[in-house]
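Below: run00.json (JSON, C-alpha atoms and all ligand atoms)
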[["chain", "number", "residue", "atom", "x", "y", "z"],
["Y", 1376, "MET", "CA", 188.38, -114.82, 20.86],
["Y", 1377, "LYS", "CA", 186.24, -112.11, 22.35],
["Y", 1378, "LYS", "CA", 187.10, -108.87, 23.85],
["Y", 1379, "GLY", "CA", 185.30, -107.76, 26.98],
["Y", 1380, "PHE", "CA", 185.27, -104.10, 26.22],
["Y", 1381, "THR", "CA", 185.32, -102.01, 23.15],
["Y", 1382, "HIS", "CA", 187.88, -99.61, 22.01],
["Y", 1383, "THR", "CA", 187.99, -96.84, 19.47],
["Y", 1384, "PRO", "CA", 191.03, -97.31, 17.29],
["Y", 1385, "GLN", "CA", 192.61, -94.10, 16.23],
["Y", 1386, "ARG", "CA", 195.07, -93.84, 13.45],
["Y", 1387, "ALA", "CA", 198.46, -93.18, 14.96],
["Y", 1388, "GLN", "CA", 199.91, -89.85, 14.12],
["Y", 1389, "ARG", "CA", 203.06, -89.95, 12.08],
["Y", 1390, "HIS", "CA", 205.48, -89.24, 14.81],
["Y", 1391, "PRO", "CA", 206.77, -85.73, 14.75],
["Y", 1392, "ILE", "CA", 210.21, -86.61, 16.06],
["Y", 1393, "LYS", "CA", 210.90, -89.01, 13.26],
["Y", 1394, "GLY", "CA", 213.21, -87.30, 10.88],
["Y", 1395, "ARG", "CA", 213.98, -84.51, 13.29],
["Y", 1396, "ARG", "CA", 217.26, -85.97, 14.44],
["Y", 1397, "LEU", "CA", 218.32, -86.96, 10.97],
["Y", 1398, "GLY", "CA", 217.38, -83.48, 9.83],
["Y", 1399, "GLU", "CA", 219.58, -82.00, 12.50],
["Y", 1400, "ALA", "CA", 222.29, -84.53, 11.90],
["Y", 1401, "SER", "CA", 222.44, -83.93, 8.19],
["Y", 1402, "ALA", "CA", 223.58, -80.36, 8.65],
["Y", 1403, "ARG", "CA", 227.01, -80.12, 7.10],
["Y", 1404, "LEU", "CA", 229.84, -79.11, 9.33],
["Y", 1405, "VAL", "CA", 232.36, -76.66, 8.07],
["Y", 1406, "TRP", "CA", 234.89, -79.32, 7.09],
["Y", 1407, "GLY", "CA", 232.39, -81.32, 5.08],
["Y", 1408, "PHE", "CA", 231.44, -84.23, 7.35],
["Y", 1409, "THR", "CA", 227.91, -84.79, 8.56],
["Y", 1410, "VAL", "CA", 227.34, -85.51, 12.23],
["Y", 1411, "ILE", "CA", 226.27, -89.05, 11.27],
["Y", 1412, "GLU", "CA", 229.51, -89.62, 9.38],
["Y", 1413, "LEU", "CA", 231.46, -88.44, 12.40],
["Y", 1414, "LEU", "CA", 229.46, -90.72, 14.71],
["Y", 1415, "VAL", "CA", 230.19, -93.69, 12.47],
["Y", 1416, "VAL", "CA", 233.91, -92.86, 12.51],
["Y", 1417, "ILE", "CA", 233.83, -92.51, 16.30],
["Y", 1418, "ALA", "CA", 231.98, -95.84, 16.59],
["Y", 1419, "VAL", "CA", 234.53, -97.60, 14.41],
["Y", 1420, "ILE", "CA", 237.39, -96.15, 16.46],
["Y", 1421, "GLY", "CA", 235.65, -97.26, 19.66],
["Y", 1422, "LEU", "CA", 235.13, -100.79, 18.38],
["Y", 1423, "LEU", "CA", 238.70, -101.04, 17.08],
["Y", 1424, "SER", "CA", 240.09, -99.85, 20.41],
["Y", 1425, "SER", "CA", 238.00, -102.44, 22.26],
["Y", 1426, "ILE", "CA", 239.34, -105.17, 19.98],
["Y", 1427, "VAL", "CA", 242.87, -104.03, 20.74],
["Y", 1428, "LEU", "CA", 242.13, -104.06, 24.48],
["Y", 1429, "VAL", "CA", 240.63, -107.53, 24.30],
["Y", 1430, "SER", "CA", 243.59, -108.79, 22.27],
["Y", 1431, "LEU", "CA", 245.86, -107.62, 25.09],
["Y", 1432, "ASP", "CA", 244.22, -110.34, 27.21],
["Y", 1433, "LEU", "CA", 243.29, -108.05, 30.05],
["Y", 1434, "PRO", "CA", 242.18, -109.54, 33.35],
["Y", 1435, "GLY", "CA", 238.67, -110.93, 33.30],
["Y", 1436, "LYS", "CA", 236.71, -108.20, 35.06],
["Y", 1437, "ARG", "CA", 238.35, -105.41, 33.11],
["Y", 1438, "ARG", "CA", 237.80, -107.31, 29.88],
["Y", 1439, "GLN", "CA", 234.12, -107.78, 30.72],
["Y", 1440, "ALA", "CA", 233.76, -104.11, 31.55],
["Y", 1441, "THR", "CA", 235.38, -103.20, 28.25],
["Y", 1442, "LEU", "CA", 233.02, -105.47, 26.33],
["Y", 1443, "ALA", "CA", 229.99, -104.11, 28.19],
["Y", 1444, "LYS", "CA", 231.03, -100.53, 27.51],
["Y", 1445, "THR", "CA", 231.60, -101.36, 23.85],
["Y", 1446, "LEU", "CA", 228.14, -102.90, 23.61],
["Y", 1447, "GLU", "CA", 226.54, -99.88, 25.27],
["Y", 1448, "PHE", "CA", 228.47, -97.55, 22.98],
["Y", 1449, "SER", "CA", 227.52, -99.43, 19.82],
["Y", 1450, "GLN", "CA", 223.87, -99.33, 20.92],
["Y", 1451, "SER", "CA", 224.02, -95.58, 21.38],
["Y", 1452, "ILE", "CA", 225.55, -95.21, 17.94],
["Y", 1453, "GLN", "CA", 222.92, -97.52, 16.48],
["Y", 1454, "SER", "CA", 220.23, -95.17, 17.75],
["Y", 1455, "ALA", "CA", 222.05, -92.18, 16.35],
["Y", 1456, "ILE", "CA", 222.29, -93.56, 12.85],
["Y", 1457, "GLY", "CA", 219.02, -95.49, 12.69],
["Y", 1458, "ASP", "CA", 216.03, -93.51, 13.87],
["Y", 1459, "GLU", "CA", 213.69, -96.37, 12.93],
["Y", 1460, "LEU", "CA", 214.62, -97.99, 16.26],
["Y", 1461, "VAL", "CA", 212.11, -96.16, 18.47],
["Y", 1462, "GLY", "CA", 212.36, -98.35, 21.58],
["Y", 1463, "SER", "CA", 215.16, -100.56, 22.90],
["Y", 1464, "TRP", "CA", 215.04, -101.96, 26.43],
["Y", 1465, "THR", "CA", 218.11, -104.06, 27.20],
["Y", 1466, "PHE", "CA", 217.60, -104.25, 31.01],
["Y", 1467, "GLU", "CA", 221.32, -103.77, 31.57],
["Y", 1468, "ASN", "CA", 220.82, -100.51, 33.39],
["Y", 1469, "VAL", "CA", 217.60, -100.87, 35.38],
["Y", 1470, "ALA", "CA", 217.36, -98.45, 38.30],
["Y", 1471, "GLY", "CA", 214.61, -97.10, 40.52],
["Y", 1472, "GLY", "CA", 212.00, -99.34, 38.93],
["Y", 1473, "LYS", "CA", 212.70, -97.88, 35.50],
["Y", 1474, "ALA", "CA", 214.00, -99.58, 32.38],
["Y", 1475, "PRO", "CA", 215.80, -96.98, 30.26],
["Y", 1476, "ASP", "CA", 215.22, -96.88, 26.54],
["Y", 1477, "MET", "CA", 218.49, -97.18, 24.61],
["Y", 1478, "SER", "CA", 216.95, -96.01, 21.33],
["Y", 1479, "GLY", "CA", 217.42, -92.34, 22.08],
["Y", 1480, "TYR", "CA", 213.66, -91.70, 22.08],
["Y", 1481, "ASN", "CA", 213.43, -91.85, 25.88],
["Y", 1482, "ASN", "CA", 210.53, -94.30, 26.00],
["Y", 1483, "VAL", "CA", 211.37, -95.29, 29.56],
["Y", 1484, "GLY", "CA", 209.57, -98.39, 30.83],
["Y", 1485, "THR", "CA", 208.19, -98.76, 34.36],
["Y", 1486, "ILE", "CA", 208.77, -102.09, 36.06],
["Y", 1487, "TYR", "CA", 206.06, -103.58, 38.26],
["Y", 1488, "GLY", "CA", 207.50, -106.47, 40.24],
["Y", 1489, "ALA", "CA", 209.81, -107.93, 37.60],
["Y", 1490, "THR", "CA", 213.38, -108.33, 38.79],
["Y", 1491, "GLN", "CA", 216.67, -107.87, 37.04],
["Y", 1492, "VAL", "CA", 218.61, -111.14, 36.90],
["Y", 1493, "ASP", "CA", 222.31, -111.36, 36.35],
["Y", 1494, "GLY", "CA", 224.49, -113.96, 34.75],
["Y", 1495, "LEU", "CA", 223.73, -113.89, 31.05],
["Y", 1496, "LYS", "CA", 226.69, -115.59, 29.46],
["Y", 1497, "LEU", "CA", 228.54, -114.14, 26.55],
["Y", 1498, "ALA", "CA", 229.68, -116.52, 23.85],
["Y", 1499, "SER", "CA", 233.16, -116.10, 25.31],
["Y", 1500, "GLY", "CA", 231.89, -117.65, 28.55],
["Y", 1501, "ALA", "CA", 232.21, -114.43, 30.49],
["Y", 1502, "GLY", "CA", 229.29, -113.94, 32.87],
["Y", 1503, "THR", "CA", 227.84, -110.54, 32.10],
["Y", 1504, "GLY", "CA", 224.51, -109.13, 31.11],
["Y", 1505, "GLN", "CA", 221.05, -108.96, 32.65],
["Y", 1506, "ALA", "CA", 217.50, -109.80, 31.73],
["Y", 1507, "LEU", "CA", 214.12, -109.23, 33.39],
["Y", 1508, "SER", "CA", 212.51, -112.07, 35.33],
["Y", 1509, "PHE", "CA", 208.71, -112.29, 35.65],
["Y", 1510, "ASP", "CA", 207.23, -114.62, 38.28],
["Y", 1511, "GLY", "CA", 203.55, -114.61, 37.42],
["Y", 1512, "ASN", "CA", 202.28, -111.24, 38.64],
["Y", 1513, "ASP", "CA", 204.84, -108.82, 37.17],
["Y", 1514, "TYR", "CA", 204.98, -106.63, 34.11],
["Y", 1515, "LEU", "CA", 206.78, -103.86, 32.29],
["Y", 1516, "GLU", "CA", 204.72, -100.89, 31.17],
["Y", 1517, "ILE", "CA", 205.83, -98.71, 28.29],
["Y", 1518, "PRO", "CA", 203.71, -95.55, 28.09],
["Y", 1519, "TYR", "CA", 202.43, -94.23, 24.81],
["Y", 1520, "SER", "CA", 204.53, -91.62, 23.11],
["Y", 1521, "ALA", "CA", 204.40, -90.11, 19.65],
["Y", 1522, "SER", "CA", 207.49, -92.10, 18.64],
["Y", 1523, "LEU", "CA", 205.74, -95.38, 19.55],
["Y", 1524, "GLY", "CA", 202.56, -94.51, 17.61],
["Y", 1525, "LEU", "CA", 203.51, -96.96, 14.93],
["Y", 1526, "PRO", "CA", 202.51, -96.48, 11.34],
["Y", 1527, "ALA", "CA", 200.02, -99.22, 10.58],
["Y", 1528, "ASN", "CA", 202.00, -100.69, 7.76],
["Y", 1529, "ASN", "CA", 205.73, -100.63, 8.46],
["Y", 1530, "GLU", "CA", 207.11, -101.94, 11.74],
["Y", 1531, "THR", "CA", 209.04, -104.60, 13.59],
["Y", 1532, "VAL", "CA", 208.93, -105.90, 17.17],
["Y", 1533, "LEU", "CA", 211.61, -108.28, 18.45],
["Y", 1534, "PHE", "CA", 212.47, -109.62, 21.89],
["Y", 1535, "TRP", "CA", 214.10, -112.58, 23.58],
["Y", 1536, "VAL", "CA", 212.07, -114.98, 25.73],
["Y", 1537, "LYS", "CA", 213.00, -117.92, 27.93],
["Y", 1538, "HIS", "CA", 210.14, -119.89, 29.44],
["Y", 1539, "ASN", "CA", 208.60, -123.31, 29.84],
["Y", 1540, "GLY", "CA", 205.21, -123.10, 28.18],
["Y", 1541, "SER", "CA", 204.18, -119.79, 29.75],
["Y", 1542, "SER", "CA", 202.01, -117.20, 27.99],
["Y", 1543, "ASN", "CA", 201.02, -113.52, 28.12],
["Y", 1544, "MET", "CA", 204.27, -111.99, 26.91],
["Y", 1545, "PHE", "CA", 203.29, -108.89, 24.99],
["Y", 1546, "PHE", "CA", 200.21, -106.72, 24.71],
["Y", 1547, "GLU", "CA", 199.19, -103.46, 23.12],
["Y", 1548, "SER", "CA", 196.66, -102.38, 25.68],
["Y", 1549, "SER", "CA", 194.06, -100.07, 24.19],
["Y", 1550, "GLY", "CA", 193.51, -101.35, 20.67],
["Y", 1551, "TRP", "CA", 194.49, -104.95, 21.49],
["Y", 1552, "SER", "CA", 196.13, -104.85, 18.09],
["Y", 1553, "ARG", "CA", 199.37, -106.77, 18.78],
["Y", 1554, "ARG", "CA", 199.71, -109.58, 21.31],
["Y", 1555, "LEU", "CA", 201.84, -112.61, 22.02],
["Y", 1556, "PHE", "CA", 200.28, -115.46, 23.97],
["Y", 1557, "GLY", "CA", 202.74, -118.32, 24.35],
["Y", 1558, "THR", "CA", 203.48, -119.43, 20.81],
["Y", 1559, "VAL", "CA", 200.64, -117.52, 19.14],
["Y", 1560, "TRP", "CA", 200.72, -113.95, 17.94],
["Y", 1561, "VAL", "CA", 197.33, -112.25, 17.54],
["Y", 1562, "PHE", "CA", 196.83, -109.10, 15.49],
["Y", 1563, "THR", "CA", 193.69, -107.02, 15.05],
["Y", 1564, "ASP", "CA", 193.06, -104.96, 11.95],
["Y", 1565, "ALA", "CA", 191.11, -101.74, 11.64],
["Y", 1566, "GLY", "CA", 188.02, -103.76, 10.72],
["Y", 1567, "ASN", "CA", 188.32, -105.63, 14.05],
["Y", 1568, "THR", "CA", 189.28, -108.90, 12.36],
["Y", 1569, "TYR", "CA", 191.73, -111.16, 14.18],
["Y", 1570, "TYR", "CA", 194.73, -112.91, 12.68],
["Y", 1571, "GLN", "CA", 196.94, -115.52, 14.30],
["Y", 1572, "LEU", "CA", 200.56, -116.29, 13.49],
["Y", 1573, "GLY", "CA", 202.92, -118.79, 15.07],
["Y", 1574, "ALA", "CA", 205.91, -118.41, 17.37],
["Y", 1575, "ASP", "CA", 206.53, -122.15, 17.19],
["Y", 1576, "GLY", "CA", 209.25, -123.72, 19.26],
["Y", 1577, "SER", "CA", 209.82, -120.71, 21.52],
["Y", 1578, "ASN", "CA", 208.43, -122.44, 24.65],
["Y", 1579, "ASP", "CA", 211.07, -125.08, 25.42],
["Y", 1580, "GLY", "CA", 212.90, -123.42, 28.29],
["Y", 1581, "ASN", "CA", 215.70, -122.05, 26.11],
["Y", 1582, "TRP", "CA", 216.29, -118.52, 24.90],
["Y", 1583, "HIS", "CA", 214.54, -117.64, 21.64],
["Y", 1584, "LEU", "CA", 214.21, -114.44, 19.64],
["Y", 1585, "VAL", "CA", 210.54, -113.89, 18.79],
["Y", 1586, "GLY", "CA", 208.97, -111.13, 16.75],
["Y", 1587, "TYR", "CA", 207.08, -109.94, 13.74],
["Y", 1588, "THR", "CA", 207.19, -107.49, 10.88],
["Y", 1589, "ILE", "CA", 204.37, -105.65, 9.18],
["Y", 1590, "THR", "CA", 204.76, -104.36, 5.64],
["Y", 1591, "GLY", "CA", 201.61, -102.91, 4.17],
["Y", 1592, "ARG", "CA", 199.03, -105.57, 5.02],
["Y", 1593, "THR", "CA", 201.48, -108.45, 5.23],
["Y", 1594, "ILE", "CA", 202.44, -109.72, 8.69],
["Y", 1595, "LYS", "CA", 205.29, -112.19, 9.13],
["Y", 1596, "SER", "CA", 206.28, -113.86, 12.39],
["Y", 1597, "TYR", "CA", 209.80, -115.01, 13.18],
["Y", 1598, "VAL", "CA", 211.53, -117.25, 15.71],
["Y", 1599, "ASP", "CA", 215.31, -117.27, 15.93],
["Y", 1600, "GLY", "CA", 215.66, -115.46, 12.63],
["Y", 1601, "LYS", "CA", 213.46, -117.90, 10.72],
["Y", 1602, "GLN", "CA", 210.08, -116.95, 9.33],
["Y", 1603, "ILE", "CA", 207.30, -119.06, 10.88],
["Y", 1604, "SER", "CA", 204.05, -117.63, 9.50],
["Y", 1605, "GLU", "CA", 202.72, -115.05, 7.06],
["Y", 1606, "VAL", "CA", 199.26, -113.59, 6.65],
["Y", 1607, "THR", "CA", 197.69, -110.85, 4.57],
["Y", 1608, "THR", "CA", 195.10, -108.75, 6.39],
["Y", 1609, "SER", "CA", 191.99, -107.30, 4.79],
["Y", 1610, "ALA", "CA", 192.56, -103.91, 6.42],
["Y", 1611, "ASP", "CA", 195.56, -102.22, 7.98],
["Y", 1612, "VAL", "CA", 196.60, -103.55, 11.36],
["Y", 1613, "CYS", "CA", 195.15, -101.29, 13.98],
["Y", 1614, "CYS", "CA", 196.63, -98.32, 15.69],
["Y", 1615, "THR", "CA", 199.06, -98.29, 18.57],
["Y", 1616, "ALA", "CA", 198.21, -95.04, 20.31],
["Y", 1617, "SER", "CA", 198.36, -96.75, 23.66],
["Y", 1618, "THR", "CA", 200.40, -98.31, 26.43],
["Y", 1619, "TRP", "CA", 202.44, -101.44, 25.71],
["Y", 1620, "TRP", "CA", 202.79, -104.16, 28.32],
["Y", 1621, "VAL", "CA", 205.45, -106.81, 28.51],
["Y", 1622, "GLY", "CA", 204.48, -109.77, 30.69],
["Y", 1623, "ARG", "CA", 200.81, -108.89, 31.14],
["Y", 1624, "VAL", "CA", 197.70, -109.18, 28.96],
["Y", 1625, "CYS", "CA", 193.96, -108.73, 29.26],
["Y", 1626, "SER", "CA", 191.18, -111.23, 28.84],
["Y", 1627, "GLY", "CA", 187.57, -110.21, 28.85],
["Y", 1628, "SER", "CA", 187.26, -107.11, 30.97],
["Y", 1629, "THR", "CA", 190.19, -107.85, 33.28],
["Y", 1630, "CYS", "CA", 193.92, -107.58, 32.75],
["Y", 1631, "ASP", "CA", 195.27, -110.16, 35.16],
["Y", 1632, "LEU", "CA", 197.04, -112.67, 32.95],
["Y", 1633, "TYR", "CA", 200.77, -112.67, 33.53],
["Y", 1634, "TYR", "CA", 203.95, -114.25, 32.19],
["Y", 1635, "THR", "CA", 206.41, -116.48, 34.03],
["Y", 1636, "GLY", "CA", 209.91, -116.50, 32.62],
["Y", 1637, "LEU", "CA", 212.65, -114.24, 31.36],
["Y", 1638, "ILE", "CA", 212.56, -111.50, 28.73],
["Y", 1639, "ASP", "CA", 215.39, -109.47, 27.29],
["Y", 1640, "GLU", "CA", 216.20, -106.91, 24.61],
["Y", 1641, "VAL", "CA", 212.74, -105.72, 23.63],
["Y", 1642, "ARG", "CA", 212.99, -103.63, 20.47],
["Y", 1643, "ILE", "CA", 210.41, -101.73, 18.44],
["Y", 1644, "TYR", "CA", 211.18, -100.33, 14.99],
["Y", 1645, "THR", "CA", 209.14, -98.12, 12.69],
["Y", 1646, "LYS", "CA", 210.46, -100.16, 9.82],
["Y", 1647, "ALA", "CA", 209.84, -103.72, 8.66],
["Y", 1648, "LEU", "CA", 213.25, -105.34, 8.99],
["Y", 1649, "THR", "CA", 214.18, -107.70, 6.19],
["Y", 1650, "ALA", "CA", 214.60, -111.42, 6.85],
["Y", 1651, "GLY", "CA", 218.35, -110.87, 6.57],
["Y", 1652, "GLU", "CA", 218.29, -108.07, 9.14],
["Y", 1653, "ILE", "CA", 216.32, -110.26, 11.56],
["Y", 1654, "GLN", "CA", 218.77, -113.14, 11.04],
["Y", 1655, "LYS", "CA", 221.54, -110.68, 11.87],
["Y", 1656, "GLN", "CA", 219.74, -109.62, 15.07],
["Y", 1657, "TYR", "CA", 219.46, -113.28, 16.04],
["Y", 1658, "ALA", "CA", 223.09, -114.02, 15.26],
["Y", 1659, "GLU", "CA", 224.26, -111.03, 17.31],
["Y", 1660, "GLY", "CA", 221.97, -111.75, 20.27],
["Y", 1661, "ALA", "CA", 222.38, -115.53, 20.39],
["Y", 1662, "GLY", "CA", 225.83, -115.18, 21.93],
["Y", 1663, "ARG", "CA", 224.39, -113.09, 24.74],
["Y", 1664, "HIS", "CA", 221.52, -115.49, 25.34],
["Y", 1665, "GLN", "CA", 223.02, -118.81, 26.15],
["Y", 1666, "GLU", "CA", 222.15, -120.48, 29.42],
["Y", 1667, "LEU", "CA", 221.82, -118.30, 32.45],
["Y", 1668, "ALA", "CA", 223.67, -119.19, 35.58],
["Y", 1669, "ALA", "CA", 221.87, -122.00, 37.41],
["Y", 1670, "ALA", "CA", 220.57, -119.70, 40.14],
["Y", 1671, "ASN", "CA", 218.70, -117.66, 37.55],
["Y", 1672, "ASN", "CA", 217.62, -120.50, 35.33],
["Y", 1673, "VAL", "CA", 213.92, -120.37, 34.68],
["Y", 1674, "ASN", "CA", 213.94, -124.18, 34.53],
["Y", 1675, "GLU", "CA", 214.85, -124.27, 38.18],
["Y", 1676, "LYS", "CA", 211.69, -122.50, 39.26],
["S", 1701, "CA", "CA", 219.99, -107.64, 28.63]]

Please express the file's structure as structure tokens.
Amino acid sequence: MKKGFTHTPQRAQRHPIKGRRLGEASARLVWGFTVIELLVVIAVIGLLSSIVLVSLDLPGKRRQATLAKTLEFSQSIQSAIGDELVGSWTFENVAGGKAPDMSGYNNVGTIYGATQVDGLKLASGAGTGQALSFDGNDYLEIPYSASLGLPANNETVLFWVKHNGSSNMFFESSGWSRRLFGTVWVFTDAGNTYYQLGADGSNDGNWHLVGYTITGRTIKSYVDGKQISEVTTSADVCCTASTWWVGRVCSGSTCDLYYTGLIDEVRIYTKALTAGEIQKQYAEGAGRHQELAAANNVNEK
């Protein structure tokens, strides 16, 4: 694979915000709790109250609203207690062409043409939840920020895809260091060597959780919580001081290759999740990513 133009990789700066919130949060309050401890208690109370509400068998719409609010709340708490999650785009709250970042780092994505589709089914059968639909000339752009300047040796990217043999899902645009084409991940190290890892089985028209972790010079790819490939690089994987694209990639000197299908819950961590943590992500998200309503089914296109 050749690249049509050169780039000058620059080592990403250790992001200055990392640690800031924990530093603030670890300040002891006068009665001995940390802010994080209080947030956890609040989260537990919120979840317990939602369980009580659900157990009361509320009418459908109110029950769905309660579940959605609980999900949103737990995501906000997740960002408060885990600052390794530096980007989280759930596409539940798209507005004005922007996809908010639920991580707390405010890495807001800009949507070019992709549309929000409704009808994601919860495991309970309730129709709630949205994803982004790409029809072949759309993309999501996530601008560079210090929080997304990943360390070259400790990170995770995960997202859900639903497509029939499409390609061009994910692209780090200046260093070309991390890309997903169909069922093949491509990584570039600081010595400009390429490595390919599989995303096997993620192209059958059903929802799949795809992603990778990097620990030191070891890259592992995952599909649906199962490890697919592993490779050791001869140099650190290159820098990420650049824009990320979802649904668009470059080839040669042009950037006009696009994805057709659905994407949901894109997450970037400055930590290599363990296999168990990725399995947990899959287990939690699988319930939200069953078949879409027929009108939004990518198979119908
Ligand atoms: Ca979603």

**OP:** Dump the neighbourhood of ligand CA 1701 (chain S) as a ChimeraX atom specification: all residues within 10 Å, distances computed on only C-alpha atoms and all ligand atoms.
**Re:** /Y:1464-1469,1491-1495,1503-1507,1535,1638-1641,1660,1663-1664

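Across the structure, atom CA of Y:Leu1523 and atom CA of Y:Asp1611 are spaced 16.9 Å apart.
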
List as a compact mmCIF listing (two decimals) with C-alpha atoms, in the frame of the given file the protein and nucleic acid residues near stretch 1616-1623 of chain Y, meaning an atom at most 10 Å away when all atoms listed in the file are counted, but skip any in the same chain fewer than 5 places from it.
# COMPACT_ATOMS: atom_id res chain seq x y z
CA PRO Y 1384 191.03 -97.31 17.29
CA GLN Y 1385 192.61 -94.10 16.23
CA ARG Y 1386 195.07 -93.84 13.45
CA ALA Y 1387 198.46 -93.18 14.96
CA GLN Y 1388 199.91 -89.85 14.12
CA GLY Y 1484 209.57 -98.39 30.83
CA THR Y 1485 208.19 -98.76 34.36
CA ILE Y 1486 208.77 -102.09 36.06
CA TYR Y 1487 206.06 -103.58 38.26
CA ALA Y 1489 209.81 -107.93 37.60
CA SER Y 1508 212.51 -112.07 35.33
CA PHE Y 1509 208.71 -112.29 35.65
CA ASP Y 1510 207.23 -114.62 38.28
CA GLY Y 1511 203.55 -114.61 37.42
CA ASN Y 1512 202.28 -111.24 38.64
CA ASP Y 1513 204.84 -108.82 37.17
CA TYR Y 1514 204.98 -106.63 34.11
CA LEU Y 1515 206.78 -103.86 32.29
CA GLU Y 1516 204.72 -100.89 31.17
CA ILE Y 1517 205.83 -98.71 28.29
CA PRO Y 1518 203.71 -95.55 28.09
CA TYR Y 1519 202.43 -94.23 24.81
CA SER Y 1520 204.53 -91.62 23.11
CA ALA Y 1521 204.40 -90.11 19.65
CA SER Y 1522 207.49 -92.10 18.64
CA LEU Y 1523 205.74 -95.38 19.55
CA GLY Y 1524 202.56 -94.51 17.61
CA LEU Y 1525 203.51 -96.96 14.93
CA SER Y 1542 202.01 -117.20 27.99
CA ASN Y 1543 201.02 -113.52 28.12
CA MET Y 1544 204.27 -111.99 26.91
CA PHE Y 1545 203.29 -108.89 24.99
CA PHE Y 1546 200.21 -106.72 24.71
CA GLU Y 1547 199.19 -103.46 23.12
CA SER Y 1548 196.66 -102.38 25.68
CA SER Y 1549 194.06 -100.07 24.19
CA GLY Y 1550 193.51 -101.35 20.67
CA TRP Y 1551 194.49 -104.95 21.49
CA ARG Y 1553 199.37 -106.77 18.78
CA ARG Y 1554 199.71 -109.58 21.31
CA LEU Y 1555 201.84 -112.61 22.02
CA PHE Y 1556 200.28 -115.46 23.97
CA CYS Y 1630 193.92 -107.58 32.75
CA ASP Y 1631 195.27 -110.16 35.16
CA LEU Y 1632 197.04 -112.67 32.95
CA TYR Y 1633 200.77 -112.67 33.53
CA TYR Y 1634 203.95 -114.25 32.19
CA THR Y 1635 206.41 -116.48 34.03
CA GLY Y 1636 209.91 -116.50 32.62
CA LEU Y 1637 212.65 -114.24 31.36
CA ILE Y 1638 212.56 -111.50 28.73
CA VAL Y 1641 212.74 -105.72 23.63

**OP:** Find the distance between atom CA of Y:Thr1593 and atom CA of Y:Asn1581 and write it in Å to one decimal.
**Re:** 28.7 Å

Original post:
Y:Ile1653: which residues within 12 Å, counting all atoms listed in the file, same-chain residues fewer than 4 positions away excluded, as a PyMOL selection string?
Top reply: chain Y and resi 1531-1534+1584-1588+1595-1602+1642+1644+1646-1649+1657-1661

Would you save the residues from that selection as a short mmCIF file (atom, residue, chain, number, x, y, z; two decimals), in the coordinates of the input, using C-alpha atoms?
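selection.cif, written as the output of this step:
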data_model
loop_
_atom_site.label_atom_id
_atom_site.label_comp_id
_atom_site.auth_asym_id
_atom_site.auth_seq_id
_atom_site.Cartn_x
_atom_site.Cartn_y
_atom_site.Cartn_z
CA THR Y 1531 209.04 -104.60 13.59
CA VAL Y 1532 208.93 -105.90 17.17
CA LEU Y 1533 211.61 -108.28 18.45
CA PHE Y 1534 212.47 -109.62 21.89
CA LEU Y 1584 214.21 -114.44 19.64
CA VAL Y 1585 210.54 -113.89 18.79
CA GLY Y 1586 208.97 -111.13 16.75
CA TYR Y 1587 207.08 -109.94 13.74
CA THR Y 1588 207.19 -107.49 10.88
CA LYS Y 1595 205.29 -112.19 9.13
CA SER Y 1596 206.28 -113.86 12.39
CA TYR Y 1597 209.80 -115.01 13.18
CA VAL Y 1598 211.53 -117.25 15.71
CA ASP Y 1599 215.31 -117.27 15.93
CA GLY Y 1600 215.66 -115.46 12.63
CA LYS Y 1601 213.46 -117.90 10.72
CA GLN Y 1602 210.08 -116.95 9.33
CA ARG Y 1642 212.99 -103.63 20.47
CA TYR Y 1644 211.18 -100.33 14.99
CA LYS Y 1646 210.46 -100.16 9.82
CA ALA Y 1647 209.84 -103.72 8.66
CA LEU Y 1648 213.25 -105.34 8.99
CA THR Y 1649 214.18 -107.70 6.19
CA TYR Y 1657 219.46 -113.28 16.04
CA ALA Y 1658 223.09 -114.02 15.26
CA GLU Y 1659 224.26 -111.03 17.31
CA GLY Y 1660 221.97 -111.75 20.27
CA ALA Y 1661 222.38 -115.53 20.39
#
